[in-house]
$ cat work18.cif   # mmCIF, N, CA and C atoms
data_protein
#
loop_
_atom_site.label_atom_id
_atom_site.label_comp_id
_atom_site.auth_asym_id
_atom_site.auth_seq_id
_atom_site.Cartn_x
_atom_site.Cartn_y
_atom_site.Cartn_z
N MET A 1494 5.87 -26.20 -45.12
CA MET A 1494 6.06 -24.83 -45.56
C MET A 1494 7.15 -24.81 -46.64
N GLU A 1495 6.89 -24.10 -47.71
CA GLU A 1495 7.83 -24.02 -48.82
C GLU A 1495 8.42 -22.62 -48.90
N LEU A 1496 9.72 -22.56 -49.10
CA LEU A 1496 10.40 -21.28 -49.18
C LEU A 1496 9.88 -20.45 -50.34
N SER A 1497 9.67 -21.07 -51.48
CA SER A 1497 9.20 -20.32 -52.65
C SER A 1497 7.82 -19.70 -52.39
N THR A 1498 6.96 -20.40 -51.66
CA THR A 1498 5.63 -19.87 -51.33
C THR A 1498 5.77 -18.65 -50.42
N CYS A 1499 6.62 -18.76 -49.42
CA CYS A 1499 6.84 -17.63 -48.50
C CYS A 1499 7.41 -16.43 -49.24
N LEU A 1500 8.41 -16.67 -50.07
CA LEU A 1500 9.05 -15.57 -50.78
C LEU A 1500 8.10 -14.93 -51.78
N LYS A 1501 7.25 -15.74 -52.40
CA LYS A 1501 6.27 -15.20 -53.34
C LYS A 1501 5.29 -14.29 -52.60
N ALA A 1502 4.84 -14.73 -51.43
CA ALA A 1502 3.91 -13.91 -50.64
C ALA A 1502 4.57 -12.62 -50.18
N LEU A 1503 5.82 -12.70 -49.79
CA LEU A 1503 6.52 -11.50 -49.31
C LEU A 1503 7.11 -10.67 -50.45
N GLY A 1504 7.09 -11.21 -51.67
CA GLY A 1504 7.66 -10.53 -52.81
C GLY A 1504 6.87 -9.32 -53.28
N ASP A 1505 5.62 -9.24 -52.89
CA ASP A 1505 4.81 -8.09 -53.24
C ASP A 1505 5.13 -6.96 -52.26
N PRO A 1506 5.46 -5.77 -52.75
CA PRO A 1506 5.85 -4.68 -51.85
C PRO A 1506 4.80 -4.32 -50.79
N THR A 1507 3.53 -4.37 -51.16
CA THR A 1507 2.48 -4.05 -50.19
C THR A 1507 2.42 -5.11 -49.10
N ARG A 1508 2.48 -6.39 -49.49
CA ARG A 1508 2.45 -7.45 -48.49
C ARG A 1508 3.68 -7.39 -47.60
N PHE A 1509 4.81 -7.04 -48.17
CA PHE A 1509 6.03 -6.94 -47.37
C PHE A 1509 5.89 -5.81 -46.35
N MET A 1510 5.32 -4.68 -46.75
CA MET A 1510 5.07 -3.57 -45.81
C MET A 1510 4.13 -4.01 -44.70
N ILE A 1511 3.08 -4.72 -45.06
CA ILE A 1511 2.12 -5.22 -44.07
C ILE A 1511 2.83 -6.14 -43.09
N PHE A 1512 3.62 -7.06 -43.63
CA PHE A 1512 4.34 -8.03 -42.78
C PHE A 1512 5.29 -7.31 -41.83
N GLN A 1513 5.99 -6.29 -42.33
CA GLN A 1513 6.89 -5.52 -41.48
C GLN A 1513 6.13 -4.84 -40.34
N GLN A 1514 4.95 -4.32 -40.63
CA GLN A 1514 4.15 -3.68 -39.58
C GLN A 1514 3.71 -4.71 -38.53
N LEU A 1515 3.42 -5.92 -38.98
CA LEU A 1515 2.99 -6.97 -38.05
C LEU A 1515 4.14 -7.46 -37.18
N LEU A 1516 5.36 -7.24 -37.62
CA LEU A 1516 6.51 -7.59 -36.78
C LEU A 1516 6.67 -6.61 -35.62
N ILE A 1517 6.09 -5.43 -35.75
CA ILE A 1517 6.17 -4.41 -34.71
C ILE A 1517 5.08 -4.62 -33.67
N ARG A 1518 3.85 -4.89 -34.15
CA ARG A 1518 2.73 -5.13 -33.23
C ARG A 1518 1.56 -5.72 -34.00
N LYS A 1519 0.56 -6.22 -33.25
CA LYS A 1519 -0.67 -6.74 -33.85
C LYS A 1519 -1.42 -5.61 -34.53
N HIS A 1520 -2.10 -5.95 -35.61
CA HIS A 1520 -2.93 -4.97 -36.31
C HIS A 1520 -4.21 -5.63 -36.80
N CYS A 1521 -5.26 -4.83 -36.93
CA CYS A 1521 -6.47 -5.24 -37.63
C CYS A 1521 -6.42 -4.59 -39.01
N THR A 1522 -7.32 -4.97 -39.90
CA THR A 1522 -7.31 -4.40 -41.25
C THR A 1522 -7.50 -2.88 -41.22
N GLN A 1523 -8.35 -2.40 -40.33
CA GLN A 1523 -8.60 -0.96 -40.24
C GLN A 1523 -7.34 -0.21 -39.82
N SER A 1524 -6.64 -0.73 -38.85
CA SER A 1524 -5.40 -0.12 -38.37
C SER A 1524 -4.35 -0.07 -39.48
N LEU A 1525 -4.17 -1.19 -40.18
CA LEU A 1525 -3.19 -1.23 -41.27
C LEU A 1525 -3.60 -0.31 -42.41
N SER A 1526 -4.88 -0.24 -42.68
CA SER A 1526 -5.40 0.63 -43.74
C SER A 1526 -5.03 2.09 -43.46
N LYS A 1527 -5.27 2.53 -42.24
CA LYS A 1527 -4.95 3.91 -41.88
C LYS A 1527 -3.45 4.15 -41.88
N LYS A 1528 -2.68 3.21 -41.37
CA LYS A 1528 -1.23 3.37 -41.26
C LYS A 1528 -0.55 3.38 -42.62
N LEU A 1529 -1.00 2.52 -43.54
CA LEU A 1529 -0.32 2.36 -44.83
C LEU A 1529 -0.99 3.10 -45.98
N GLY A 1530 -2.21 3.60 -45.77
CA GLY A 1530 -2.87 4.37 -46.81
C GLY A 1530 -3.53 3.55 -47.92
N PHE A 1531 -3.90 2.32 -47.62
CA PHE A 1531 -4.61 1.47 -48.57
C PHE A 1531 -6.03 1.24 -48.07
N THR A 1532 -6.92 0.85 -48.96
CA THR A 1532 -8.28 0.55 -48.52
C THR A 1532 -8.26 -0.71 -47.66
N GLU A 1533 -9.29 -0.85 -46.83
CA GLU A 1533 -9.40 -2.06 -46.01
C GLU A 1533 -9.53 -3.30 -46.87
N ALA A 1534 -10.21 -3.17 -48.01
CA ALA A 1534 -10.36 -4.32 -48.92
C ALA A 1534 -9.00 -4.78 -49.45
N THR A 1535 -8.15 -3.82 -49.79
CA THR A 1535 -6.81 -4.15 -50.30
C THR A 1535 -6.00 -4.83 -49.21
N ILE A 1536 -6.03 -4.27 -48.01
CA ILE A 1536 -5.30 -4.85 -46.88
C ILE A 1536 -5.81 -6.27 -46.61
N SER A 1537 -7.11 -6.42 -46.62
CA SER A 1537 -7.72 -7.72 -46.36
C SER A 1537 -7.28 -8.77 -47.37
N GLN A 1538 -7.23 -8.38 -48.64
CA GLN A 1538 -6.81 -9.31 -49.69
C GLN A 1538 -5.35 -9.73 -49.50
N HIS A 1539 -4.50 -8.78 -49.16
CA HIS A 1539 -3.09 -9.10 -48.93
C HIS A 1539 -2.91 -9.96 -47.68
N LEU A 1540 -3.67 -9.67 -46.63
CA LEU A 1540 -3.60 -10.49 -45.42
C LEU A 1540 -4.06 -11.92 -45.69
N LYS A 1541 -5.04 -12.07 -46.55
CA LYS A 1541 -5.52 -13.40 -46.92
C LYS A 1541 -4.39 -14.21 -47.56
N ILE A 1542 -3.64 -13.59 -48.44
CA ILE A 1542 -2.53 -14.27 -49.11
C ILE A 1542 -1.43 -14.61 -48.11
N LEU A 1543 -1.11 -13.68 -47.22
CA LEU A 1543 -0.10 -13.94 -46.19
C LEU A 1543 -0.57 -15.07 -45.26
N HIS A 1544 -1.86 -15.08 -44.94
CA HIS A 1544 -2.42 -16.13 -44.08
C HIS A 1544 -2.38 -17.48 -44.77
N GLU A 1545 -2.78 -17.53 -46.03
CA GLU A 1545 -2.76 -18.79 -46.79
C GLU A 1545 -1.35 -19.33 -46.96
N GLY A 1546 -0.37 -18.43 -46.99
CA GLY A 1546 1.03 -18.84 -47.10
C GLY A 1546 1.64 -19.25 -45.77
N GLY A 1547 0.85 -19.18 -44.69
CA GLY A 1547 1.34 -19.58 -43.39
C GLY A 1547 2.21 -18.54 -42.69
N LEU A 1548 2.22 -17.33 -43.23
CA LEU A 1548 3.09 -16.30 -42.66
C LEU A 1548 2.44 -15.52 -41.52
N VAL A 1549 1.13 -15.46 -41.49
CA VAL A 1549 0.44 -14.76 -40.41
C VAL A 1549 -0.72 -15.60 -39.90
N TYR A 1550 -1.12 -15.31 -38.68
CA TYR A 1550 -2.33 -15.92 -38.13
C TYR A 1550 -3.20 -14.81 -37.57
N LYS A 1551 -4.43 -15.15 -37.26
CA LYS A 1551 -5.35 -14.13 -36.79
C LYS A 1551 -5.96 -14.53 -35.46
N GLU A 1552 -6.25 -13.50 -34.67
CA GLU A 1552 -6.91 -13.68 -33.38
C GLU A 1552 -8.09 -12.73 -33.33
N LYS A 1553 -9.21 -13.20 -32.82
CA LYS A 1553 -10.41 -12.36 -32.75
C LYS A 1553 -10.41 -11.56 -31.45
N TYR A 1554 -10.57 -10.25 -31.57
CA TYR A 1554 -10.69 -9.33 -30.44
C TYR A 1554 -11.98 -8.54 -30.64
N GLY A 1555 -13.02 -8.88 -29.91
CA GLY A 1555 -14.30 -8.22 -30.09
C GLY A 1555 -14.81 -8.44 -31.51
N TYR A 1556 -15.04 -7.34 -32.22
CA TYR A 1556 -15.53 -7.43 -33.60
C TYR A 1556 -14.40 -7.50 -34.63
N HIS A 1557 -13.17 -7.32 -34.19
CA HIS A 1557 -12.03 -7.23 -35.10
C HIS A 1557 -11.14 -8.47 -35.05
N MET A 1558 -10.53 -8.74 -36.18
CA MET A 1558 -9.49 -9.77 -36.25
C MET A 1558 -8.15 -9.05 -36.21
N HIS A 1559 -7.29 -9.49 -35.35
CA HIS A 1559 -5.93 -8.96 -35.31
C HIS A 1559 -4.99 -9.99 -35.92
N TYR A 1560 -4.02 -9.49 -36.65
CA TYR A 1560 -3.09 -10.36 -37.37
C TYR A 1560 -1.70 -10.23 -36.77
N LEU A 1561 -0.99 -11.36 -36.75
CA LEU A 1561 0.37 -11.43 -36.24
C LEU A 1561 1.17 -12.38 -37.13
N PRO A 1562 2.49 -12.19 -37.20
CA PRO A 1562 3.31 -13.15 -37.94
C PRO A 1562 3.41 -14.46 -37.16
N THR A 1563 3.46 -15.57 -37.86
CA THR A 1563 3.63 -16.85 -37.18
C THR A 1563 5.12 -17.04 -36.87
N GLN A 1564 5.39 -17.47 -35.66
CA GLN A 1564 6.79 -17.70 -35.27
C GLN A 1564 7.39 -18.83 -36.10
N GLU A 1565 6.57 -19.82 -36.44
CA GLU A 1565 7.04 -20.94 -37.27
C GLU A 1565 7.57 -20.42 -38.62
N ALA A 1566 6.84 -19.48 -39.22
CA ALA A 1566 7.27 -18.94 -40.51
C ALA A 1566 8.57 -18.16 -40.36
N LEU A 1567 8.66 -17.36 -39.32
CA LEU A 1567 9.89 -16.58 -39.10
C LEU A 1567 11.09 -17.50 -38.85
N ASP A 1568 10.89 -18.54 -38.05
CA ASP A 1568 11.97 -19.50 -37.80
C ASP A 1568 12.36 -20.23 -39.08
N PHE A 1569 11.35 -20.60 -39.88
CA PHE A 1569 11.61 -21.29 -41.14
C PHE A 1569 12.41 -20.40 -42.10
N LEU A 1570 11.99 -19.14 -42.23
CA LEU A 1570 12.72 -18.22 -43.11
C LEU A 1570 14.14 -18.00 -42.62
N ALA A 1571 14.31 -17.79 -41.33
CA ALA A 1571 15.65 -17.59 -40.77
C ALA A 1571 16.53 -18.81 -41.02
N SER A 1572 15.98 -19.99 -40.79
CA SER A 1572 16.73 -21.23 -40.99
C SER A 1572 17.10 -21.43 -42.46
N SER A 1573 16.15 -21.16 -43.34
CA SER A 1573 16.40 -21.33 -44.78
C SER A 1573 17.50 -20.39 -45.26
N PHE A 1574 17.43 -19.14 -44.82
CA PHE A 1574 18.46 -18.19 -45.24
C PHE A 1574 19.82 -18.51 -44.61
N GLU A 1575 19.81 -19.04 -43.40
CA GLU A 1575 21.07 -19.44 -42.77
C GLU A 1575 21.70 -20.61 -43.53
N GLU A 1576 20.87 -21.57 -43.98
CA GLU A 1576 21.38 -22.68 -44.78
C GLU A 1576 22.00 -22.17 -46.08
N MET A 1577 21.33 -21.23 -46.73
CA MET A 1577 21.88 -20.66 -47.97
C MET A 1577 23.18 -19.92 -47.69
N ARG A 1578 23.21 -19.18 -46.58
CA ARG A 1578 24.41 -18.43 -46.19
C ARG A 1578 25.58 -19.39 -45.97
N GLN A 1579 25.33 -20.48 -45.23
CA GLN A 1579 26.39 -21.45 -44.96
C GLN A 1579 26.88 -22.11 -46.25
N ALA A 1580 25.96 -22.44 -47.14
CA ALA A 1580 26.34 -23.04 -48.42
C ALA A 1580 27.20 -22.07 -49.22
N SER A 1581 26.83 -20.81 -49.21
CA SER A 1581 27.59 -19.80 -49.93
C SER A 1581 28.98 -19.63 -49.34
N LEU A 1582 29.09 -19.67 -48.03
CA LEU A 1582 30.39 -19.51 -47.37
C LEU A 1582 31.34 -20.66 -47.70
N SER A 1583 30.78 -21.83 -47.99
CA SER A 1583 31.63 -23.00 -48.26
C SER A 1583 32.05 -23.11 -49.73
N LEU A 1584 31.55 -22.22 -50.58
CA LEU A 1584 31.92 -22.28 -52.00
C LEU A 1584 33.37 -21.89 -52.21
N ASN A 1585 34.00 -22.55 -53.16
CA ASN A 1585 35.34 -22.15 -53.57
C ASN A 1585 35.15 -21.02 -54.58
N ARG A 1586 35.53 -19.83 -54.20
CA ARG A 1586 35.31 -18.66 -55.05
C ARG A 1586 36.54 -18.28 -55.88
N ASP A 1587 37.52 -19.17 -55.91
CA ASP A 1587 38.71 -18.92 -56.72
C ASP A 1587 38.32 -18.96 -58.20
N PRO A 1588 38.47 -17.83 -58.91
CA PRO A 1588 38.05 -17.79 -60.32
C PRO A 1588 38.87 -18.72 -61.22
N LYS A 1589 39.98 -19.24 -60.73
CA LYS A 1589 40.82 -20.13 -61.55
C LYS A 1589 40.44 -21.59 -61.39
N VAL A 1590 39.50 -21.86 -60.48
CA VAL A 1590 39.09 -23.24 -60.23
C VAL A 1590 37.73 -23.47 -60.87
N CYS A 1591 37.67 -24.43 -61.80
CA CYS A 1591 36.41 -24.77 -62.45
C CYS A 1591 35.65 -25.77 -61.59
N GLN A 1592 34.39 -25.48 -61.36
CA GLN A 1592 33.54 -26.40 -60.61
C GLN A 1592 32.32 -26.81 -61.43
N CYS A 1593 32.41 -26.68 -62.75
CA CYS A 1593 31.25 -27.01 -63.58
C CYS A 1593 30.98 -28.50 -63.54
N GLU A 1594 29.78 -28.86 -63.90
CA GLU A 1594 29.35 -30.26 -63.82
C GLU A 1594 30.08 -31.16 -64.80
N PHE A 1595 30.80 -30.60 -65.73
CA PHE A 1595 31.53 -31.38 -66.73
C PHE A 1595 33.01 -31.46 -66.36
N ARG A 1596 33.29 -31.40 -65.05
CA ARG A 1596 34.66 -31.35 -64.56
C ARG A 1596 35.50 -32.53 -65.03
N GLN A 1597 34.92 -33.75 -65.06
CA GLN A 1597 35.70 -34.92 -65.50
C GLN A 1597 36.18 -34.74 -66.94
N GLN A 1598 35.40 -34.05 -67.74
CA GLN A 1598 35.77 -33.86 -69.13
C GLN A 1598 36.88 -32.83 -69.29
N MET A 1599 37.17 -32.09 -68.22
CA MET A 1599 38.20 -31.06 -68.31
C MET A 1599 39.57 -31.64 -68.60
N GLU A 1600 39.81 -32.90 -68.16
CA GLU A 1600 41.10 -33.53 -68.45
C GLU A 1600 41.27 -33.67 -69.95
N ASN A 1601 40.15 -33.70 -70.63
CA ASN A 1601 40.12 -33.76 -72.08
C ASN A 1601 40.33 -32.33 -72.59
N PRO A 1602 41.41 -32.02 -73.29
CA PRO A 1602 41.64 -30.64 -73.72
C PRO A 1602 40.53 -30.07 -74.59
N GLY A 1603 39.74 -30.90 -75.19
CA GLY A 1603 38.67 -30.41 -76.06
C GLY A 1603 37.31 -30.39 -75.38
N CYS A 1604 37.27 -30.16 -74.09
CA CYS A 1604 36.00 -30.12 -73.35
C CYS A 1604 35.18 -28.94 -73.85
N ILE A 1605 34.23 -29.24 -74.75
CA ILE A 1605 33.47 -28.14 -75.35
C ILE A 1605 32.61 -27.42 -74.32
N HIS A 1606 32.10 -28.15 -73.33
CA HIS A 1606 31.27 -27.51 -72.31
C HIS A 1606 32.09 -26.54 -71.48
N HIS A 1607 33.29 -26.99 -71.09
CA HIS A 1607 34.15 -26.13 -70.30
C HIS A 1607 34.57 -24.91 -71.12
N ASP A 1608 34.90 -25.12 -72.38
CA ASP A 1608 35.33 -24.01 -73.24
C ASP A 1608 34.21 -23.00 -73.45
N GLU A 1609 32.96 -23.49 -73.56
CA GLU A 1609 31.83 -22.59 -73.74
C GLU A 1609 31.56 -21.78 -72.48
N LEU A 1610 31.63 -22.44 -71.32
CA LEU A 1610 31.32 -21.78 -70.07
C LEU A 1610 32.47 -20.94 -69.54
N HIS A 1611 33.69 -21.35 -69.86
CA HIS A 1611 34.87 -20.67 -69.35
C HIS A 1611 35.84 -20.39 -70.50
N PRO A 1612 35.55 -19.42 -71.34
CA PRO A 1612 36.38 -19.20 -72.52
C PRO A 1612 37.82 -18.79 -72.20
N ASP A 1613 38.08 -18.30 -70.99
CA ASP A 1613 39.43 -17.87 -70.64
C ASP A 1613 40.26 -18.96 -70.01
N GLY A 1614 39.76 -20.15 -69.92
CA GLY A 1614 40.63 -21.15 -69.32
C GLY A 1614 39.90 -22.28 -68.80
#
$ encode --input "work18.cif" --output "structure tokens"
Amino acid sequence: MELSTCLKALGDPTRFMIFQQLLIRKHCTQSLSKKLGFTEATISQHLKILHEGGLVYKEKYGYHMHYLPTQEALDFLASSFEEMRQASLSLNRDPKVCQCEFRQQMENPGCIHHDELHPDG
């Protein structure tokens, strides 16, 4: 599972609304269509993309397919965002400390990269 694939699938406002509804309870295309005000064809197309992205799975109930979010996808998203959160917390946010990739050149007073990126110092 790739984070960019998940985020792309959830990046569409309609798909995100659908996904949020599936976090509350199982739905079929007809149920989501009535609840969200889109045609069943539109809902079906968005569910297909969410399904292909591994974000939802389907279960057959009589003549209808019900959709639910996959726990694996939710755990993956939570874990990915927690990793980003932890990385962000460990950053040195002191504006006086340069962390650019040309740090070794900073000892050189004429570090053009540092001067371009950090004109104030």
$ atom_distance --input "work18.cif" --atom1 "atom CA of Ser1526 of chain A" --atom2 "atom CA of Gly1546 of chain A"
20.8 Å
$ residues_near_point --input "work18.cif" --point "(2.5, -14.9, -48.5)" --cutoff "6.5 Å" --atoms "all atoms listed in the file" --output "NGL selection string"
:A and (1498-1503 or 1542-1548)
$ closest_residue --input "work18.cif" --among "A:Asp1587, A:Leu1496, A:Lys1527, A:Pro1562" --to "Phe1574 of chain A" --atoms "only C-alpha atoms"
A:Leu1496
$ resolve_selection --input "work18.cif" --expression "the PyMOL selection byres ((chain A and resi 1511-1513) around 8)" --output "PyMOL selection string"
chain A and resi 1503+1505-1510+1514-1518+1525+1529+1536+1539-1540+1548+1561-1562
$ resolve_selection --input "work18.cif" --expression "the PyMOL selection byres ((chain A and resi 1553-1558) around 8)" --output "JSON, numbers by chain"
{"A": [1519, 1520, 1521, 1522, 1523, 1550, 1551, 1552, 1559, 1560, 1561]}
$ select_by_dssp --input "work18.cif" --residues "chain A" --states "alpha helix (DSSP H)" --output "number ranges by chain"
A: 1496-1503, 1506-1517, 1522-1529, 1533-1545, 1564-1582, 1605-1610
$ atom_distance --input "work18.cif" --atom1 "atom C of Thr1563 of chain A" --atom2 "atom N of Gln1538 of chain A"
19.1 Å
$ atom_distance --input "work18.cif" --atom1 "atom CA of Ala1580 of chain A" --atom2 "atom CA of Cys1593 of chain A"
16.4 Å
